[in-house]
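Shown below: data.cif, with mmCIF, C-alpha atoms.
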```
data_input
loop_
_atom_site.label_atom_id
_atom_site.label_comp_id
_atom_site.auth_asym_id
_atom_site.auth_seq_id
_atom_site.Cartn_x
_atom_site.Cartn_y
_atom_site.Cartn_z
CA MET A 8 181.02 42.85 126.73
CA LYS A 9 184.30 44.17 125.41
CA ASN A 10 187.58 42.59 126.33
CA HIS A 11 191.25 42.36 125.38
CA GLU A 12 193.06 39.05 125.10
CA ILE A 13 196.80 38.61 124.81
CA LYS A 14 198.76 35.38 124.43
CA MET A 15 202.39 34.87 125.38
CA GLU A 16 204.23 31.74 124.19
CA TRP A 17 207.11 30.21 126.10
CA GLN A 18 210.48 30.46 124.31
CA GLY A 19 212.49 28.22 126.65
CA ASP A 20 214.22 29.12 129.93
CA MET A 21 212.39 32.24 131.20
CA ALA A 22 211.48 33.98 127.92
CA PHE A 23 207.94 34.56 126.63
CA GLU A 24 206.87 36.22 123.42
CA GLY A 25 203.59 37.29 121.88
CA LEU A 26 202.02 39.50 119.24
CA ILE A 27 200.28 42.49 120.80
CA ASN A 28 198.20 44.45 118.25
CA GLY A 29 200.39 42.77 115.62
CA HIS A 30 203.68 43.85 117.21
CA LYS A 31 206.17 41.38 118.71
CA VAL A 32 206.64 41.77 122.46
CA ARG A 33 209.18 39.68 124.35
CA VAL A 34 209.92 39.44 128.07
CA ASP A 35 212.80 37.63 129.74
CA ALA A 36 214.48 37.36 133.13
CA ASP A 37 218.09 38.33 133.72
CA GLU A 38 220.91 35.81 133.94
CA SER A 39 221.01 35.78 137.76
CA VAL A 40 217.66 33.97 137.93
CA GLY A 41 218.05 31.71 134.92
CA GLY A 42 217.01 34.04 132.10
CA ASN A 43 218.96 35.33 129.09
CA ASP A 44 217.98 39.03 129.11
CA SER A 45 216.50 38.69 125.61
CA GLY A 46 213.77 41.17 126.54
CA PRO A 47 212.75 43.43 129.42
CA ARG A 48 211.45 42.11 132.74
CA PRO A 49 207.64 41.86 132.83
CA LYS A 50 206.95 43.92 135.97
CA PRO A 51 208.08 47.30 134.55
CA PHE A 52 205.45 46.84 131.80
CA VAL A 53 202.95 47.72 134.53
CA LEU A 54 204.61 51.17 134.55
CA VAL A 55 205.00 51.37 130.75
CA ALA A 56 201.25 50.81 130.33
CA LEU A 57 200.54 53.80 132.57
CA ALA A 58 203.12 56.08 130.91
CA GLY A 59 201.84 55.23 127.43
CA CYS A 60 198.17 55.58 128.32
CA THR A 61 198.45 58.96 130.03
CA GLY A 62 201.03 60.19 127.50
CA MET A 63 198.69 59.58 124.57
CA ASP A 64 195.84 61.31 126.44
CA VAL A 65 197.94 64.37 127.19
CA THR A 66 199.30 64.82 123.65
CA MET A 67 195.77 64.40 122.26
CA ILE A 68 194.22 66.87 124.73
CA LEU A 69 196.97 69.46 124.14
CA LYS A 70 196.48 69.14 120.38
CA LYS A 71 192.76 69.89 120.84
CA MET A 72 193.71 72.87 123.05
CA ARG A 73 196.10 74.03 120.28
CA VAL A 74 199.00 73.93 122.73
CA VAL A 75 202.19 73.13 120.80
CA ILE A 76 204.83 71.20 122.71
CA GLU A 77 208.32 70.39 121.46
CA ASP A 78 208.93 67.44 123.68
CA LEU A 79 207.38 65.36 126.44
CA ASN A 80 209.05 62.77 128.65
CA ILE A 81 206.96 60.71 131.03
CA SER A 82 208.68 58.92 133.90
CA VAL A 83 206.88 56.51 136.20
CA ASN A 84 208.46 55.55 139.48
CA GLY A 85 206.98 52.54 141.22
CA THR A 86 207.87 51.85 144.85
CA LEU A 87 208.25 48.13 145.57
CA SER A 88 207.04 46.43 148.75
CA GLU A 89 209.64 45.08 151.17
CA GLU A 90 207.61 41.90 151.68
CA GLN A 91 207.26 39.17 149.09
CA PRO A 92 205.96 39.03 146.47
CA ALA A 93 207.61 42.35 145.54
CA GLN A 94 204.81 44.51 144.18
CA TYR A 95 204.27 48.17 143.44
CA THR A 96 202.74 49.85 146.49
CA SER A 97 202.63 53.37 145.03
CA MET A 98 203.45 55.12 141.75
CA HIS A 99 204.55 58.63 140.89
CA VAL A 100 204.30 60.02 137.37
CA THR A 101 206.52 62.92 136.26
CA TYR A 102 205.56 64.82 133.10
CA GLU A 103 208.44 66.87 131.65
CA PHE A 104 207.30 69.27 128.96
CA LYS A 105 209.52 71.26 126.64
CA GLY A 106 208.30 74.09 124.40
CA GLU A 107 208.14 77.85 123.92
CA ASN A 108 206.02 79.91 126.33
CA LEU A 109 204.18 76.90 127.69
CA ASN A 110 201.18 77.72 129.85
CA LEU A 111 201.37 75.71 133.08
CA ASP A 112 197.62 75.97 133.66
CA LYS A 113 196.85 74.34 130.31
CA LEU A 114 199.44 71.61 130.84
CA THR A 115 197.99 70.95 134.30
CA LYS A 116 194.47 70.84 132.88
CA ALA A 117 195.55 68.26 130.26
CA VAL A 118 197.30 66.08 132.86
CA GLU A 119 194.35 66.28 135.26
CA LEU A 120 191.89 65.32 132.53
CA SER A 121 194.00 62.27 131.77
CA GLN A 122 194.55 61.23 135.38
CA ASN A 123 190.97 61.84 136.52
CA GLN A 124 188.84 61.10 133.45
CA TYR A 125 190.56 59.60 130.40
CA CYS A 126 193.24 57.11 131.44
CA GLY A 127 191.81 53.66 132.09
CA VAL A 128 195.16 52.28 133.29
CA SER A 129 195.39 54.99 135.93
CA ALA A 130 191.76 54.37 136.95
CA MET A 131 192.43 50.66 137.51
CA TYR A 132 195.72 51.13 139.37
CA LYS A 133 194.20 53.76 141.69
CA LYS A 134 191.85 51.08 142.99
CA ALA A 135 194.90 49.19 144.27
CA ILE A 136 197.54 51.81 145.22
CA PRO A 137 198.10 55.56 145.62
CA LEU A 138 199.08 57.32 142.42
CA THR A 139 200.61 60.82 142.40
CA TYR A 140 202.01 63.06 139.67
CA GLU A 141 203.94 66.24 139.03
CA ILE A 142 204.49 68.50 136.05
CA LYS A 143 207.81 70.05 135.05
CA ILE A 144 208.62 72.50 132.30
CA ILE A 145 212.23 72.10 131.16
CA MET B 4 213.31 51.51 149.67
CA LYS B 5 213.45 49.69 146.36
CA ASN B 6 211.76 51.04 143.29
CA HIS B 7 211.58 50.78 139.52
CA GLU B 8 211.64 53.82 137.27
CA ILE B 9 210.84 53.83 133.57
CA LYS B 10 210.95 56.77 131.17
CA MET B 11 209.01 57.04 127.91
CA GLU B 12 209.91 59.77 125.40
CA TRP B 13 207.40 61.25 123.00
CA GLN B 14 208.06 60.42 119.33
CA GLY B 15 205.47 62.75 117.78
CA ASP B 16 201.76 62.13 117.21
CA MET B 17 200.76 59.41 119.71
CA ALA B 18 203.97 57.35 119.89
CA PHE B 19 206.20 56.95 122.96
CA GLU B 20 209.40 54.99 123.28
CA GLY B 21 211.73 54.07 126.12
CA LEU B 22 214.48 51.68 127.16
CA ILE B 23 213.24 49.12 129.68
CA ASN B 24 216.07 47.06 131.18
CA GLY B 25 218.09 48.13 128.13
CA HIS B 26 215.47 46.97 125.59
CA LYS B 27 213.55 49.33 123.33
CA VAL B 28 209.81 49.41 124.00
CA ARG B 29 207.46 51.46 121.84
CA VAL B 30 203.74 52.14 122.16
CA ASP B 31 201.49 53.86 119.64
CA ALA B 32 197.80 54.42 118.98
CA ASP B 33 196.05 53.19 115.87
CA GLU B 34 195.25 55.41 112.90
CA SER B 35 191.60 55.94 113.89
CA VAL B 36 192.61 58.10 116.87
CA GLY B 37 195.60 59.88 115.33
CA GLY B 38 198.34 57.30 115.82
CA ASN B 39 200.49 55.43 113.31
CA ASP B 40 200.39 51.88 114.74
CA SER B 41 204.19 51.88 115.10
CA GLY B 42 203.86 49.85 118.31
CA PRO B 43 201.21 48.11 120.40
CA ARG B 44 198.59 49.99 122.41
CA PRO B 45 199.68 50.64 126.01
CA LYS B 46 196.70 49.11 127.84
CA PRO B 47 197.36 45.47 126.83
CA PHE B 48 200.80 45.81 128.46
CA VAL B 49 198.86 45.56 131.74
CA LEU B 50 197.99 42.00 130.63
CA VAL B 51 201.47 41.25 129.23
CA ALA B 52 203.05 42.12 132.59
CA LEU B 53 200.83 39.56 134.30
CA ALA B 54 201.41 36.82 131.70
CA GLY B 55 205.18 37.31 131.80
CA CYS B 56 205.39 37.46 135.58
CA THR B 57 203.35 34.34 136.27
CA GLY B 58 204.85 32.52 133.27
CA MET B 59 208.39 32.96 134.58
CA ASP B 60 207.30 31.80 138.04
CA VAL B 61 205.65 28.67 136.69
CA THR B 62 208.56 27.61 134.46
CA MET B 63 210.98 28.16 137.35
CA ILE B 64 208.84 26.24 139.87
CA LEU B 65 208.31 23.34 137.44
CA LYS B 66 212.07 23.18 136.79
CA LYS B 67 212.67 22.89 140.54
CA MET B 68 209.98 20.17 140.70
CA ARG B 69 211.77 18.40 137.79
CA VAL B 70 208.60 18.53 135.72
CA VAL B 71 209.56 18.72 132.04
CA ILE B 72 207.14 20.62 129.82
CA GLU B 73 207.36 20.89 126.03
CA ASP B 74 205.38 24.04 125.68
CA LEU B 75 203.43 26.63 127.65
CA ASN B 76 201.10 29.32 126.35
CA ILE B 77 199.68 31.88 128.72
CA SER B 78 196.62 33.87 127.66
CA VAL B 79 195.22 36.73 129.69
CA ASN B 80 191.73 37.96 128.99
CA GLY B 81 190.83 41.33 130.47
CA THR B 82 187.18 42.40 130.57
CA LEU B 83 186.76 46.12 129.91
CA SER B 84 184.28 48.36 131.73
CA GLU B 85 181.34 49.76 129.77
CA GLU B 86 181.77 53.16 131.40
CA GLN B 87 184.62 55.53 130.63
CA PRO B 88 187.52 55.43 131.10
CA ALA B 89 187.55 51.88 129.71
CA GLN B 90 189.46 49.85 132.27
CA TYR B 91 189.96 46.20 133.08
CA THR B 92 187.35 45.11 135.63
CA SER B 93 188.42 41.45 135.79
CA MET B 94 191.11 39.21 134.33
CA HIS B 95 191.25 35.53 133.51
CA VAL B 96 194.54 33.70 132.94
CA THR B 97 194.62 30.46 130.92
CA TYR B 98 197.72 28.26 131.20
CA GLU B 99 198.03 25.76 128.34
CA PHE B 100 200.68 23.14 128.99
CA LYS B 101 202.01 20.63 126.49
CA GLY B 102 204.20 17.67 127.40
CA GLU B 103 204.33 13.90 127.92
CA ASN B 104 202.49 12.41 130.91
CA LEU B 105 202.05 15.76 132.62
CA ASN B 106 200.81 15.55 136.20
CA LEU B 107 197.89 17.95 136.65
CA ASP B 108 198.43 18.15 140.42
CA LYS B 109 202.00 19.36 139.98
CA LEU B 110 201.01 21.88 137.30
CA THR B 111 198.22 23.13 139.55
CA LYS B 112 200.63 23.42 142.48
CA ALA B 113 203.05 25.49 140.37
CA VAL B 114 200.30 27.82 139.14
CA GLU B 115 198.86 28.24 142.65
CA LEU B 116 202.30 29.06 144.08
CA SER B 117 202.70 31.77 141.45
CA GLN B 118 199.21 33.22 141.80
CA ASN B 119 199.14 33.13 145.61
CA GLN B 120 202.75 33.66 146.65
CA TYR B 121 205.29 34.55 143.94
CA CYS B 122 203.77 36.87 141.37
CA GLY B 123 203.92 40.51 142.43
CA VAL B 124 201.92 41.68 139.41
CA SER B 125 199.06 39.35 140.30
CA ALA B 126 199.24 40.48 143.95
CA MET B 127 198.89 44.13 142.96
CA TYR B 128 196.08 43.59 140.43
CA LYS B 129 194.08 41.46 142.89
CA LYS B 130 193.84 44.51 145.13
CA ALA B 131 191.89 46.25 142.34
CA ILE B 132 189.94 43.54 140.48
CA PRO B 133 189.00 39.84 140.57
CA LEU B 134 191.56 37.56 138.95
CA THR B 135 190.78 33.97 137.99
CA TYR B 136 192.72 31.24 136.20
CA GLU B 137 192.44 27.83 134.63
CA ILE B 138 194.86 25.13 133.56
CA LYS B 139 194.66 23.14 130.34
CA ILE B 140 196.79 20.28 129.12
CA ILE B 141 196.83 20.14 125.32
#
```
This structure in structure tokens:
Amino acid sequence: MKNHEIKMEWQGDMAFEGLINGHKVRVDADESVGGNDSGPRPKPFVLVALAGCTGMDVTMILKKMRVVIEDLNISVNGTLSEEQPAQYTSMHVTYEFKGENLNLDKLTKAVELSQNQYCGVSAMYKKAIPLTYEIKII
Amino acid sequence: MKNHEIKMEWQGDMAFEGLINGHKVRVDADESVGGNDSGPRPKPFVLVALAGCTGMDVTMILKKMRVVIEDLNISVNGTLSEEQPAQYTSMHVTYEFKGENLNLDKLTKAVELSQNQYCGVSAMYKKAIPLTYEIKII
């Protein structure tokens, strides 16, 4: 059975650090709750994981389709619950593509393949919350 | 309605980078799938978010309880599905505490408060998959 294991080591106060695939990752709280802002908050990493996962899918699929893009920004907006503990209750992904004569159908096909078949982060999150997306050409 | 928004910008090939709470975060694929390993893979960030969130809770709760710890390592093991897309189907969190005369009941209380009441990442993930934990004093 395949698995991933990560380890985060306490750095004092509210900071934790670990090596993820050999790369240093640090999280910290902000000063208002006793942290030192020496790294990002942990919760937005839930969104980063999704942006990175689907982003890699889409660039790989477009490359196979021989669609050349100049740029791609992926934003993920997570709505937080009013009740405690504050948790994401829905997410919306916005794909902003830039390039010459981009074909919206092909971009849509690439995004749909990621969201419905390739992206394991999306697949897991969709079991917990609604996940929507939109595509923009800028 | 409160929300978090993150934005990741494509860096060519399979790399994406963004500022999260003002801190640079980069993800990349490994060479075998067309990446350059210039950052960690995105999927383990799902586990990092959980480790960081519950870790901050536990250190904060123990501080309020006046329990002094010397060290704390938090490991998160995510089991991946056999079927595609590979996604976490369960997670197990291991808290390793180090300190003099640590009281297991108080450590357990702090971990339970995080897992059952404080940690919004845990609360979201538990809607999708089973999440277990254990406490070790080393």
Contacts of chain B with chain A up to 6 Å, shortest pair per row, all atoms listed in the file, as CSV:
```
residue,atom,partner,partner_atom,distance
B:Lys5,CA,A:Leu87,CA,5.5
B:Asn6,CA,A:Thr86,CA,4.3
B:His7,CA,A:Gly85,CA,5.2
B:Glu8,CA,A:Asn84,CA,4.2
B:Ile9,CA,A:Val83,CA,5.5
B:Lys10,CA,A:Ser82,CA,4.2
B:Met11,CA,A:Ile81,CA,5.2
B:Glu12,CA,A:Asn80,CA,4.5
B:Trp13,CA,A:Leu79,CA,5.4
B:Met17,CA,A:Met63,CA,5.3
B:Ile23,CA,A:Pro47,CA,5.7
B:Asn24,CA,A:Pro47,CA,5.2
B:His26,CA,A:Pro47,CA,5.9
B:Pro43,CA,A:Asn28,CA,5.2
B:Pro45,CA,A:Ala56,CA,4.6
B:Lys46,CA,A:Ala56,CA,5.5
B:Phe48,CA,A:Ala56,CA,5.4
B:Val49,CA,A:Val53,CA,5.4
B:Ala52,CA,A:Pro49,CA,4.6
B:Gly55,CA,A:Pro49,CA,5.3
B:Cys56,CA,A:Pro49,CA,5.7
B:Met59,CA,A:Met21,CA,5.3
B:Leu75,CA,A:Trp17,CA,5.4
B:Asn76,CA,A:Glu16,CA,4.5
B:Ile77,CA,A:Met15,CA,5.2
B:Ser78,CA,A:Lys14,CA,4.2
B:Val79,CA,A:Ile13,CA,5.5
B:Asn80,CA,A:Glu12,CA,4.3
B:Gly81,CA,A:His11,CA,5.2
B:Thr82,CA,A:Asn10,CA,4.3
B:Leu83,CA,A:Asn10,CA,5.1
B:Pro88,CA,A:Gly127,CA,4.7
B:Ala89,CA,A:Gly127,CA,5.2
B:Gln90,CA,A:Gly127,CA,4.5
B:Tyr121,CA,A:Pro92,CA,5.2
B:Cys122,CA,A:Pro92,CA,6.0
B:Gly123,CA,A:Gln94,CA,4.5
B:Lys130,CA,A:Ala135,CA,4.9
B:Ala131,CA,A:Ala135,CA,4.6
```
Pick from A:Arg73, A:Ile68, A:Glu38, A:Ile144 nearest to Glu119 in chain A, counting only C-alpha atoms: A:Ile68
Closest of B:Ser35, B:Ile138, B:Glu86, B:Lys101 to Ala113 in chain B - atom-to-atom distances counting all atoms listed in the file: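 Counting all atoms listed in the file, the residue closest to Ala113 in chain B is B:Ile138.
Using all atoms listed in the file for every distance, the candidate list B:Tyr136, B:Val70, B:Asn39, B:Leu116 yields B:Val70 as the residue closest to Glu103 in chain B.
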CA of Asn106 in chain B to CA of Lys139 in chain B, straight-line distance in Å: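 Taking CA of Lys139 in chain B as the start and CA of Asn106 in chain B as the end point, the length is 11.4 Å.
With CA of Lys113 in chain A on one side and CA of Pro137 in chain A on the other, the separation reads 24.3 Å.
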Could you work out an axis-aligned box for range 55-60 of chain B, taking every atom the file lists and adding 4 Å on each side, and report centre and edge lengths in Å to one decimal, as AutoDock Vina command-line options?
```
--center_x 205.9 --center_y 34.6 --center_z 134.9 --size_x 13.0 --size_y 13.7 --size_z 14.2
```
CA of Ile141 in chain B to CA of Asp108 in chain B, straight-line distance in Å: 15.3 Å
